[in-house]
Amino acid sequence: MSEIIQQDIENGVTAQQAEAKKPWSGQKKFGFRVLFIFFLAMSIPFSANWYKNVFTLDWSRPHYRDLYDIARFQPSFLSLFGGQRLRHITDSPSGDETAKKDRARKNKAEKADTKKENAKALPPKRSFLADYVDWGIALVFALVGALIWTAFDRKSKSYHILYYWIRVVVRYRAGIGIIGFGFTKLFPTQMPYPSLGLLNSNFGDFTAQKIYWLSVGVVPWYQVFGGVVEIVAGAMLFFRKTSTFGAILLAAALGDITFVNYAYDGGVHVYAFYFVLLGLFIAADDFPKLYNLLILERYTVPFRVYPNFRKPWLKYSRITLKVLTFVIFFGVLTYTEIINFKYDPYKQPATAGVKKLRGNYRVSEFKVNGEVIPFNPLDSTRWQEATFENWTTLTFKINRPVLIDPSNGGGSPMRDIQRTFEISGVAGGQRAFHYYADTVDKVLYLQDKNVMALRGGRKGADKAKEAKPKEDNWISKTAWQHIGDENKMIDKAAWSTRRDREFEEKPREVKRQRMVLKYDTTDGSRVILSGINERKDSIYVVLDRYDRQYVLPKSTLSAGKY
Amino acid sequence: MSNTNIPSPSVWTDREKLIFRFFFLFFILQAIPLSVDFFKIVFGFNWFHISYGDIFNLTRLSAKFLPGADSLINWIIVAIIAIIGVVAWGKSKYKDIDYDQFYYWLRVVVRYRLAIGIIGYGFIKFFPLQAPFPSISNLNTSYGDFTDWKIFSMSLGIVPSYEAFLGAIEILAGLLLFFRKTATIGAAIILVFTGNVFISNLAYEGGEFVYATYLVTFALFVLWFDAQRIYNLVSLERPTLPNSFKPHFAGKTKTLRLVFKTLVIFFFVFLYGFKTYSGFHHDPYQFPRTKGLARAAGIYNVSEFRINGRVLPYAAVDSIRWKDVVFEKWATISVRSDRKVIVDSANYEQVFKNDKDRDYELAGTAGRHYYSYTIDSVNHILLLDNKNPHYKGEQLRLRYSRPDSVTVTLSGTNQHRDSIYVVLNKIDKKYPLKLSRRKALKL
């Protein structure tokens, strides 16, 4: 019996050797050259920001986003040529990139200012193909490169070793990329559990995208499962024996996510499909063999040529690369993700709200300039209901339309006011205001979180250039002393260099709607707010807390420390 | 079977035989729908008017010894019977059968059962019936007032194209299972997708996880046949022999096989597919069929509310006063108020023919009371019946008038025989979901 096996294997080995020596056809060689350059171009970061991030990264005080940004890139040749992407297709453009693109967009927007005001609020028109323009450019590169390569390389008969290496590159690219994604689900911060303001909103008042994100957010354990799948797929890609299975899993899971993004307008369809493509490329090597074995039911001899890893330099660089990948993307990333999940979930504001002011409130009394406005669901000035979230946000509902922020509330801004998941994609007159609390004088300094509504929709545009911002002193020096430094308000464990840097930068000047309200309460069950609202009217509001029972089960895996 | 490259016939060890006998009995028992429901459905069939609901209910059957919802206890019973069977088999003269042959036939049974099950779900997704677009009432209910299962269903309901895509994948996997050589691929697809359904059912507390597990075990069994070969080829990169057993059909069996296969595929693919298609257009099953008050569909603000002649003004909190009222296109009215709702939660898939059983709109949600109603158009009277089984027998008898196209007044008696008078004004409500995603939305 064992002889037969032995013989078979030997037959197999000779068959393999024969296969290795067989020269490739001209077509096959050209095709390979195109694919090689194409996938190389798709797998290597070309943006300056990516390198800037890598080289300025402070490894002694890392933030999860530092590593995430290493993992998260996709071909963007258009930006190299000074063009701009049609749309943030990423859930999470890095801060710098956002600013730059926004500036570019703003300039354009100014020119077009005479056009309909509303038009600016849109995610710019997108067509199916335009989204993939960078891929097209990569393909053009590949074709041109392959022609040049063909002209100069007349000797090579086949490219088994190069094929091996391009598969390694793509495997690592896909593996690292998907792991970066997976960890934000493993420690569920990517889709937060809905805050009170969201729980109180009608299902029909959300955009499609919001509904999708929330539907995953309500089941954090399912999100964890999704993270596990992505991470397992990624980890499998790092090993030869499992890479095909990892690639199939990746292509299947991300294929589903691609479709989800198209259906719900999630905006990450290109990036998701990018992984499908990489996964298919990796798995493609085994498809003919599996077809031969399973469908044709034929004896199948696998064939693959490996570089000689006995050479010491190859051996050690291989080990180093692998160990480095694992230390960074499993070790450091896990650590920073846990910190992020525990103290600074990136889509929720991180600063704890005033302890006494938490929960659902009924608006029992509402006065504008001294005049009582009785409860009426159709009234367009009166607050209908309000919530103080666990963090520094006050939400309330007014029966007056507002421009919806169409983003997915992503990115990873450090400042709480820019973390807009709780308001993006929400209609129904819902408002969310961030507050700084002066707990000594009991004053809340509130600013509208919906930037979209303020600028007639110029989301993300900064007006810094338009008008030199005057020294802004709506919050007095003493009040600032009482409020403290937002940078240091989260748990010390979550402090990071990235956070410091972002707080050092001057915040982009955005003329937000503001309110300054004194609050008066004994234990939070009744709160009296009085002061100036966003329309410069003086208001007086009596809020009574009530205990609202939700049918939706509470989250058993809550992020953040409040 | 074993991980060698020996040509057929493969050698079965005693242990393998023992294990095989167990799985043989286990899967056969699981695959045959040994349950009262089976007979109920089959004899309840109107063979001249088969509805897609009947076929669906048929595809969803599994061995069931206990009445009520699916439960893993049924599995334990099956396993115990299988173990007893294994012992008896081991002592009988049938111990030395041709195991390759039996394995082939077992795999046929499992493949077909799995294919039928998965296609059953596939078509009601492909023609998006299973998760319909949320009703007006559902759209006007707070997010926190739904169970997670209901949220899952409605979230799928807003994207029919995605639902159809999921259905297409299931149908494809099912079709691959009908053929021996492609069965493994079909099983792998099911494992990835139904595995996901299984986990999401656990997560969203859906009622289908037992059945999803059932399908997953079947898929695992089908995949197992080739698993070692695939591992040998792909992971170990060793030369690998293909399956060597080929079923032999000749004469009568050949015809029989062809007839059987054609029948199954005709019934569960073509007929069922056609029925779901026409059902999608004429009778989607989640919502009632009876038409509601003409041109009334929409949400209404309650601008005036009187009880026993006493006016209740707008109030932030009031357990009696209604806040808003929805008329659906079909004969359902829902009322939002501060009055508590005990949630009715049926969360596994059943296809009901009668309107009164169609409770999808109120399943898994609080916040509103749901009433089915009948219209007496001569006397202008609506007779409302609370649909929630927790409020059985709650009836409202209301005379309606419609002074203009956006106003409805209702007067009559409520469930406590109090007289009420209600003025409803239609709200021009806009939903981001129904508006263009390409324009700035000011809502």
# chains A, B, ... in the order shown; residues from 1 in each chain; ligands from 1

$ select_by_dssp --residues "region 191-281 of chain B" --states "alpha helix (DSSP H)" --output "NGL selection string"
:B and (191-203 or 209-230 or 251-265 or 272-281)

$ interface_residues --of "chain B" --to "chain A" --cutoff "8 Å" --atoms "only C-alpha atoms" --output "mmCIF file with C-alpha atoms, in the first residue's frame"
data_model
loop_
_atom_site.group_PDB
_atom_site.id
_atom_site.type_symbol
_atom_site.label_atom_id
_atom_site.label_comp_id
_atom_site.auth_asym_id
_atom_site.auth_seq_id
_atom_site.Cartn_x
_atom_site.Cartn_y
_atom_site.Cartn_z
ATOM 1 C CA THR B 4 -4.744 7.511 0.868
ATOM 2 C CA ASN B 5 -4.415 7.230 -2.801
ATOM 3 C CA ILE B 6 -5.529 3.662 -3.117
ATOM 4 C CA ASN B 138 -43.652 50.279 11.169
ATOM 5 C CA LEU B 139 -41.996 53.299 9.607
ATOM 6 C CA ASN B 140 -43.635 55.452 12.239
ATOM 7 C CA THR B 141 -42.525 53.504 15.263
ATOM 8 C CA SER B 142 -39.495 54.329 17.368
ATOM 9 C CA TYR B 143 -36.412 52.262 16.663
ATOM 10 C CA GLY B 144 -36.255 51.176 20.287
ATOM 11 C CA ASP B 145 -39.786 49.797 20.116
ATOM 12 C CA PHE B 146 -38.812 46.842 17.928
ATOM 13 C CA THR B 147 -37.316 43.525 18.841
ATOM 14 C CA ASP B 148 -33.948 42.891 17.257
ATOM 15 C CA ILE B 151 -35.285 45.173 13.029
ATOM 16 C CA PHE B 152 -33.368 42.561 11.107
ATOM 17 C CA SER B 155 -33.726 46.348 7.534
ATOM 18 C CA ILE B 158 -35.906 48.186 2.632
ATOM 19 C CA VAL B 159 -33.481 46.681 0.113
ATOM 20 C CA SER B 161 -32.453 44.022 -4.498
ATOM 21 C CA TYR B 162 -30.202 42.701 -1.761
ATOM 22 C CA LYS B 181 -20.374 16.457 -8.970
ATOM 23 C CA THR B 182 -21.318 19.978 -8.012
ATOM 24 C CA VAL B 192 -20.864 30.219 4.281
ATOM 25 C CA ILE B 199 -25.361 33.121 13.570
ATOM 26 C CA SER B 200 -27.580 36.078 12.769
ATOM 27 C CA ALA B 203 -27.846 37.177 17.437
ATOM 28 C CA TYR B 204 -31.199 38.655 16.481
ATOM 29 C CA ASP B 226 -14.820 15.714 -0.538
ATOM 30 C CA ILE B 230 -9.693 19.073 -1.020
ATOM 31 C CA LEU B 233 -4.864 18.886 -2.767
ATOM 32 C CA VAL B 234 -5.082 22.491 -1.656
ATOM 33 C CA SER B 235 -3.360 22.530 1.707
ATOM 34 C CA LEU B 236 -0.898 19.682 1.522
ATOM 35 C CA GLU B 237 -0.386 20.189 -2.194
ATOM 36 C CA ARG B 238 -0.239 16.471 -2.806
ATOM 37 C CA PRO B 239 -1.412 14.574 -5.833
ATOM 38 C CA THR B 240 -4.975 13.524 -5.156
ATOM 39 C CA LEU B 241 -7.245 10.821 -6.441
ATOM 40 C CA PRO B 242 -10.822 11.754 -7.247
ATOM 41 C CA ASN B 243 -13.895 10.004 -5.974
ATOM 42 C CA SER B 244 -13.932 6.571 -7.520
ATOM 43 C CA TYR B 314 -52.281 67.731 23.328
ATOM 44 C CA ALA B 315 -50.024 66.527 26.097
ATOM 45 C CA ALA B 316 -46.475 65.268 26.302
ATOM 46 C CA THR B 365 -43.093 45.733 18.006
ATOM 47 C CA ALA B 366 -44.582 47.916 20.702
ATOM 48 C CA TYR B 431 -39.304 59.287 4.384
ATOM 49 C CA PRO B 432 -35.623 59.439 3.463
ATOM 50 C CA LEU B 433 -35.943 55.835 2.306
ATOM 51 C CA ARG B 438 -28.848 61.646 -4.721
ATOM 52 C CA LYS B 439 -30.392 64.803 -3.424
ATOM 53 C CA ALA B 440 -29.891 66.727 -0.261
ATOM 54 C CA LEU B 441 -32.727 65.848 2.012
ATOM 55 C CA LYS B 442 -34.326 68.423 4.177
ATOM 56 C CA LEU B 443 -36.665 66.564 6.480
#

$ select_by_dssp --residues "region 225-374 of chain B" --states "strand (DSSP E)" --output "PyMOL selection string"
chain B and resi 298-307+310-311+322-327+332-337+368-374

$ write_last_selection --atoms "C-alpha atoms" --output "PDB file, in the first residue's frame"
ATOM      1  CA  GLY B 298     -51.155  57.432   5.468  1.00  0.00           C
ATOM      2  CA  ILE B 299     -50.341  58.784   8.866  1.00  0.00           C
ATOM      3  CA  TYR B 300     -52.689  61.173  10.634  1.00  0.00           C
ATOM      4  CA  ASN B 301     -52.158  63.620  13.413  1.00  0.00           C
ATOM      5  CA  VAL B 302     -54.843  63.498  16.095  1.00  0.00           C
ATOM      6  CA  SER B 303     -55.818  67.137  16.234  1.00  0.00           C
ATOM      7  CA  GLU B 304     -58.820  66.647  18.452  1.00  0.00           C
ATOM      8  CA  PHE B 305     -59.658  63.938  20.944  1.00  0.00           C
ATOM      9  CA  ARG B 306     -62.740  63.752  23.129  1.00  0.00           C
ATOM     10  CA  ILE B 307     -63.667  61.028  25.554  1.00  0.00           C
ATOM     11  CA  ARG B 310     -64.435  65.735  27.558  1.00  0.00           C
ATOM     12  CA  VAL B 311     -61.685  67.263  25.401  1.00  0.00           C
ATOM     13  CA  TRP B 322     -54.107  59.050  20.850  1.00  0.00           C
ATOM     14  CA  LYS B 323     -50.998  60.631  19.362  1.00  0.00           C
ATOM     15  CA  ASP B 324     -51.256  59.570  15.763  1.00  0.00           C
ATOM     16  CA  VAL B 325     -53.126  57.056  13.660  1.00  0.00           C
ATOM     17  CA  VAL B 326     -52.059  55.110  10.587  1.00  0.00           C
ATOM     18  CA  PHE B 327     -54.361  53.744   7.912  1.00  0.00           C
ATOM     19  CA  THR B 332     -55.359  47.712   9.316  1.00  0.00           C
ATOM     20  CA  ILE B 333     -55.406  50.767  11.521  1.00  0.00           C
ATOM     21  CA  SER B 334     -52.708  51.404  14.068  1.00  0.00           C
ATOM     22  CA  VAL B 335     -52.830  53.851  16.919  1.00  0.00           C
ATOM     23  CA  ARG B 336     -49.877  55.327  18.726  1.00  0.00           C
ATOM     24  CA  SER B 337     -50.450  56.345  22.324  1.00  0.00           C
ATOM     25  CA  ARG B 368     -48.710  51.105  18.545  1.00  0.00           C
ATOM     26  CA  HIS B 369     -51.908  49.092  18.839  1.00  0.00           C
ATOM     27  CA  TYR B 370     -52.937  47.331  15.653  1.00  0.00           C
ATOM     28  CA  TYR B 371     -56.514  46.770  14.627  1.00  0.00           C
ATOM     29  CA  SER B 372     -57.914  44.920  11.679  1.00  0.00           C
ATOM     30  CA  TYR B 373     -61.205  46.354  10.554  1.00  0.00           C
ATOM     31  CA  THR B 374     -64.255  45.766   8.459  1.00  0.00           C
TER      32      THR B 374
END

$ atom_distance --atom1 "CA of Val406 (chain B)" --atom2 "CA of Pro134 (chain B)"
22.7 Å

$ residues_around --residues "Gly279 (chain B)" --least-positions-apart "5" --cutoff "8 Å" --atoms "only C-alpha atoms" --output "compact mmCIF listing (two decimals) with N, CA and C atoms, in the first residue's frame"
# COMPACT_ATOMS: atom_id res chain seq x y z
N TYR B 52 -47.86 28.85 -3.09
CA TYR B 52 -46.45 28.79 -2.74
C TYR B 52 -46.27 28.60 -1.24
N PRO B 284 -48.64 38.86 -1.63
CA PRO B 284 -47.52 38.75 -0.68
C PRO B 284 -48.08 38.35 0.68
N TYR B 285 -47.39 37.48 1.37
CA TYR B 285 -48.05 36.83 2.51
C TYR B 285 -47.89 37.53 3.85

$ residues_around --residues "Asn390 (chain A)" --least-positions-apart "2" --cutoff "7 Å" --atoms "only C-alpha atoms" --output "list in words"
Ala352, Gly353, Arg358, Phe388, Thr392 and Tyr562 of chain A

$ atom_distance --atom1 "CA of Gly53 (chain B)" --atom2 "CA of Leu129 (chain B)"
10.8 Å

$ atom_distance --atom1 "CA of Ala297 (chain B)" --atom2 "CA of Ala131 (chain B)"
20.6 Å

$ residues_around --residues "region 522-528 of chain A" --least-positions-apart "6" --cutoff "12 Å" --atoms "only C-alpha atoms" --output "PyMOL selection string"
chain A and resi 354-367+386-388+442-444+539-547

$ write_last_selection --atoms "C-alpha atoms" --output "short mmCIF file (atom, residue, chain, number, x, y, z; two decimals), in the first residue's frame"
data_model
loop_
_atom_site.label_atom_id
_atom_site.label_comp_id
_atom_site.auth_asym_id
_atom_site.auth_seq_id
_atom_site.Cartn_x
_atom_site.Cartn_y
_atom_site.Cartn_z
CA VAL A 354 -22.47 65.42 33.26
CA LYS A 355 -23.37 62.57 35.57
CA LYS A 356 -26.65 64.02 36.78
CA LEU A 357 -27.82 64.78 33.26
CA ARG A 358 -28.45 61.43 31.71
CA GLY A 359 -31.48 59.83 30.16
CA ASN A 360 -34.79 60.49 28.46
CA TYR A 361 -36.60 63.70 29.26
CA ARG A 362 -40.07 65.01 28.66
CA VAL A 363 -40.33 68.67 27.88
CA SER A 364 -42.85 69.74 30.50
CA GLU A 365 -42.57 73.44 29.99
CA PHE A 366 -41.15 75.55 27.22
CA LYS A 367 -40.90 79.32 27.09
CA ALA A 386 -35.02 65.55 24.78
CA THR A 387 -32.22 63.24 25.80
CA PHE A 388 -28.95 63.70 27.58
CA LYS A 442 -23.54 75.10 35.92
CA VAL A 443 -23.53 76.29 32.33
CA LEU A 444 -23.64 74.22 29.14
CA ILE A 539 -35.53 80.13 26.31
CA TYR A 540 -36.64 78.47 29.49
CA VAL A 541 -37.14 74.72 29.42
CA VAL A 542 -38.29 72.35 32.13
CA LEU A 543 -37.27 68.77 31.52
CA ASP A 544 -38.58 65.79 33.47
CA ARG A 545 -36.77 62.53 33.27
CA TYR A 546 -38.77 59.40 32.59
CA ASP A 547 -37.89 55.79 32.41
#

$ closest_residue --among "A:Glu534, A:Asp69, A:Glu19, A:Asp153" --to "Thr381 (chain A)" --atoms "only C-alpha atoms"
A:Glu534

$ residues_around --residues "region 257-265 of chain B" --least-positions-apart "5" --cutoff "9 Å" --atoms "only C-alpha atoms" --output "list in words"
Tyr112, Ile116, Leu175, Phe178, Phe249, Lys252, Phe270 and Leu271 of chain B

$ write_last_selection --atoms "N, CA and C atoms" --output "CSV table (one decimal), in the first residue's frame"
chain,number,residue,atom,x,y,z
B,112,TYR,N,-30.7,16.0,-1.6
B,112,TYR,CA,-32.0,16.4,-2.1
B,112,TYR,C,-32.8,17.2,-1.0
B,116,ILE,N,-33.9,21.1,-1.3
B,116,ILE,CA,-35.3,21.5,-1.2
B,116,ILE,C,-35.5,22.5,-0.1
B,175,LEU,N,-29.5,24.4,-6.5
B,175,LEU,CA,-29.5,23.7,-7.8
B,175,LEU,C,-28.2,22.9,-7.9
B,178,PHE,N,-28.4,19.3,-6.6
B,178,PHE,CA,-29.1,18.3,-7.3
B,178,PHE,C,-28.2,17.4,-8.1
B,249,PHE,N,-26.6,3.0,-13.1
B,249,PHE,CA,-28.0,2.9,-13.4
B,249,PHE,C,-28.2,2.2,-14.7
B,252,LYS,N,-34.6,-0.1,-15.8
B,252,LYS,CA,-35.7,0.5,-15.1
B,252,LYS,C,-35.2,1.6,-14.2
B,270,PHE,N,-39.4,24.7,-10.6
B,270,PHE,CA,-40.3,25.4,-11.6
B,270,PHE,C,-41.6,25.8,-11.0
B,271,LEU,N,-42.3,24.8,-10.5
B,271,LEU,CA,-43.7,25.1,-10.0
B,271,LEU,C,-43.6,26.1,-8.8

$ residues_around --residues "region 121-125 of chain B" --least-positions-apart "6" --cutoff "9 Å" --atoms "only C-alpha atoms" --output "PyMOL selection string"
chain B and resi 52+56+59-60+131+160+163-172+174+269+272-273+276-277+280

$ closest_atom_pairs --of "region 249-349 of chain A" --to "region 23-39 of chain A" --cutoff "10 Å" --atoms "only C-alpha atoms" --output "Markdown table"
| residue | atom | partner | partner_atom | distance |
| --- | --- | --- | --- | --- |
| A:Leu277 | CA | A:Phe39 | CA | 9.6 |
| A:Leu278 | CA | A:Phe39 | CA | 8.0 |
| A:Phe281 | CA | A:Phe39 | CA | 8.9 |
